[in-house]
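Only one structure is covered here, and it is reproduced in the block below.
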Amino acid sequence: MLGVRRHAWLGAAFGLLVTSGLTTPLPAADPGPYCGVADDFKKADEQEQRCLKRLPRMASRKGNALVLHLDGGAAKTVRSDPKACLDDNARDCVRARLVGYHERGRLFIILKNYYEGWDYSFVSAGSGAETKLGDFPHFAPDGSTFVVVDAQAEGSQDYYFAVGTVATDPPSITWRNQVAVVGEWEFQRWVDQDHVGLVVATQTRDCPVPKCEGMLTRTGKDWTFELVPARK
């Protein structure tokens, strides 16, 4: 269960993590699964070009068709329809790009932009199975765990925060927060394997002057969300 706690001591606790050096940027998981700048829609085409050069035997593009070459000679085609987007056809509008490849999990990472909104998905290089995510997956240093932040903002999933693993095929969400959280939250960093630093970029009652900090903390098999109260 999610616990939302707003205690004054949390700010000091977060500060302790900073001064102890735990917030020092950690090594990238699986030397960076993304091909170029990761969380930047404007550079999705650039990311795909880098991915195609990096994975010439595993992925290719033929016009609006992104072809993913799977184990055993099978292929999975992910199609785009940019004309529908230009024609304001919201139902069929989609632009799909290959933006990364997770080597340990053997997963293609696909970004799809729609007429309104977007989502990310994993596609297994082995089975072709697809796992849709509400937003951009940020990988922990172990290369297996990932977090998705503020997916509910696009209305594509039923959670605000989620933590999952690529150790299963297909990848699975192991924890999700379905309790409303005020504000538009953004990923900041994996502090360590049990802590995820967040910031809120919008003005709220508890955060009149953004950006305020928050943290996801592992508690056994679950995670809790904690907000650092704004200083008065």
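Starting from 1 in every chain, residues are counted up; chains themselves are A, B, ... following the order of the structure tokens, and ligands are numbered from 1 as listed.
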Original post:
What's the 10 Å shell around Thr145 of chain A, counting only C-alpha atoms, without same-chain residues fewer than 2 positions away, as a PyMOL selection string?
Top reply: chain A and resi 29+137-143+147+163-167+171-174+193
Distance table requested - segment 121-190 of chain A against segment 76-80 of chain A, cut-off 12 Å, only C-alpha atoms: one row per qualifying residue with the closest atom pair and its distance in Å to one decimal, ordered by chain and rising residue number, as a tab-separated table.
```
residue	atom	partner	partner_atom	distance
A:Ser121	CA	A:Val78	CA	11.3
A:Val123	CA	A:Lys76	CA	9.0
A:Ser124	CA	A:Lys76	CA	9.9
A:Ala125	CA	A:Lys76	CA	9.2
A:Gly126	CA	A:Lys76	CA	10.7
A:Ser127	CA	A:Lys76	CA	9.6
A:Gly128	CA	A:Lys76	CA	6.5
A:Ala129	CA	A:Lys76	CA	9.5
A:Glu130	CA	A:Lys76	CA	10.3
```
**OP:** Between atom CA of Val182 of chain A and atom CA of Thr202 of chain A, measure the distance and give it in Å to one decimal.
**Re:**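 Answer for the atom CA of Val182 of chain A to atom CA of Thr202 of chain A separation: 9.1 Å.
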**OP:** Find, counting only C-alpha atoms, the residue in A:Asp92, A:Asp169, A:Asp71, A:Asp222 that gets nearest to His195 of chain A.
**Re:** A:Asp222
**OP:** Pick out each residue of segment 129-187 of chain A that DSSP on the backbone tags as strand (DSSP E or B); I need them as a VMD selection string.
**Re:** chain A and resid 130 to 133 137 to 139 145 to 149 161 to 165 172 to 177 185 to 187
